[in-house]
Amino acid sequence: MKILALSDQVVETIYSPAVRERFGDVDLIISCGDLPYSYLEYVVTMLGAPAFYVHGNHDQPEDIGGGQVLREPRGWVNLDGKSIRVGPLILAGLEGALRYKPNAPFQYSEWEMRWKVARLLPGLLLNHLRYGRYVDILVTHAPPLGIHNDVDLPHRGFAVFRWLMERFRPHYLLHGHKHVYKPQHTRTRYQNTVVINVYPFALLEWEK
Ligand SMILES: [Zn+2]
């Protein structure tokens, strides 16, 4: 199973008909946020695979002309706060970044994120009863605290994501939010989980 993950920056070759040649065989598309909805809609239209996303802190309604405003990407399923089984995979998602502005959308304090995680737990426990595991791929916008993150508030990660990895052992945690250019800073193993900074895209194989 091939998975194309996107985040944070529009990639020219993906936003062109060449996307079919390069990624026409992907079985699943994931977005970790901070991308124009029109870009996401283009990709899902061209690839025709199931598509799941979480919002980033920079997501906002997009004027596409003719009086039309996109508030969500059409053809994509919002994964925030949900756990969904797709073929052999169990996905779960948590949107947003650490709060640095009061009342801004898609920003959460550590405590607010803990509350979001608490609401996700019954679904994860049910997965374990049904399938023998809690979650395969955790999709977030922000990184976990101390992994691929920065010290400044807007780019600091969530501590509760570390707890989620320790307790529920996802195979992957995919995140965006942090623009990095050195490959050694985009993949980190944390216990049973490979944490991947998707920026600006990543291609994964699921072989289990
Ligand atoms: Zn962001």
# chains A, B, ... in the order shown; residues from 1 in each chain; ligands from 1
call {"tool": "residues_near_ligand", "arguments": {"ligand": "ligand 1", "cutoff": "10 Å", "atoms": "only C-alpha atoms and all ligand atoms", "output": "ChimeraX atom specification"}}
result
/A:7-8,32-35,55-59,95-98,106-107,141-143,154-155,175-179
call {"tool": "residues_around", "arguments": {"residues": "stretch 22-24 of chain A", "least_positions_apart": "2", "cutoff": "12 Å", "atoms": "only C-alpha atoms", "output": "list in words"}}
result
Lys2, Ile3, Leu4, Ala5, Thr13, Ile14, Tyr15, Ser16, Pro17, Ala18, Val19, Arg20, Val26, Asp27, Leu28, Ile29, Val43, Val44, Thr45, Met46, Leu47, Gly48, Ala49, Phe201, Ala202, Leu203 and Leu204 of chain A
call {"tool": "write_last_selection", "arguments": {"atoms": "C-alpha atoms", "output": "PDB file, in the first residue's frame"}}
result
ATOM      1  CA  LYS A   2       1.460   3.345  -1.062  1.00  0.00           C
ATOM      2  CA  ILE A   3       0.734   6.495   0.874  1.00  0.00           C
ATOM      3  CA  LEU A   4       1.410  10.051  -0.276  1.00  0.00           C
ATOM      4  CA  ALA A   5       1.579  12.568   2.567  1.00  0.00           C
ATOM      5  CA  THR A  13       5.383  18.792  -9.630  1.00  0.00           C
ATOM      6  CA  ILE A  14       2.461  17.649  -7.483  1.00  0.00           C
ATOM      7  CA  TYR A  15       0.358  20.667  -8.530  1.00  0.00           C
ATOM      8  CA  SER A  16       0.700  19.673 -12.208  1.00  0.00           C
ATOM      9  CA  PRO A  17      -0.472  16.858 -14.508  1.00  0.00           C
ATOM     10  CA  ALA A  18       2.915  15.194 -13.773  1.00  0.00           C
ATOM     11  CA  VAL A  19       1.435  14.109 -10.434  1.00  0.00           C
ATOM     12  CA  ARG A  20      -0.356  11.237 -12.212  1.00  0.00           C
ATOM     13  CA  VAL A  26      -0.868   5.740  -4.461  1.00  0.00           C
ATOM     14  CA  ASP A  27      -3.634   4.084  -2.442  1.00  0.00           C
ATOM     15  CA  LEU A  28      -4.073   6.777   0.177  1.00  0.00           C
ATOM     16  CA  ILE A  29      -3.405  10.524   0.502  1.00  0.00           C
ATOM     17  CA  VAL A  43      -4.413  16.308  -5.880  1.00  0.00           C
ATOM     18  CA  VAL A  44      -7.439  14.210  -4.891  1.00  0.00           C
ATOM     19  CA  THR A  45      -9.073  14.846  -8.274  1.00  0.00           C
ATOM     20  CA  MET A  46      -5.936  13.782 -10.149  1.00  0.00           C
ATOM     21  CA  LEU A  47      -5.114  10.729  -8.005  1.00  0.00           C
ATOM     22  CA  GLY A  48      -8.615   9.553  -7.078  1.00  0.00           C
ATOM     23  CA  ALA A  49      -7.470   7.871  -3.844  1.00  0.00           C
ATOM     24  CA  PHE A 201       5.711  15.671   1.001  1.00  0.00           C
ATOM     25  CA  ALA A 202       6.606  12.079   1.858  1.00  0.00           C
ATOM     26  CA  LEU A 203       5.972   8.770   0.131  1.00  0.00           C
ATOM     27  CA  LEU A 204       5.458   5.783   2.420  1.00  0.00           C
TER      28      LEU A 204
END
call {"tool": "residues_around", "arguments": {"residues": "A:Val139", "least_positions_apart": "4", "cutoff": "6 Å", "atoms": "only C-alpha atoms", "output": "list of chain:residue names"}}
result
A:Gly93, A:Leu173, A:Leu174
call {"tool": "write_last_selection", "arguments": {"atoms": "C-alpha atoms", "output": "CSV table (one decimal), in the first residue's frame"}}
result
chain,number,residue,atom,x,y,z
A,93,GLY,CA,-5.8,12.7,13.6
A,173,LEU,CA,3.4,9.8,13.5
A,174,LEU,CA,3.1,12.1,10.5
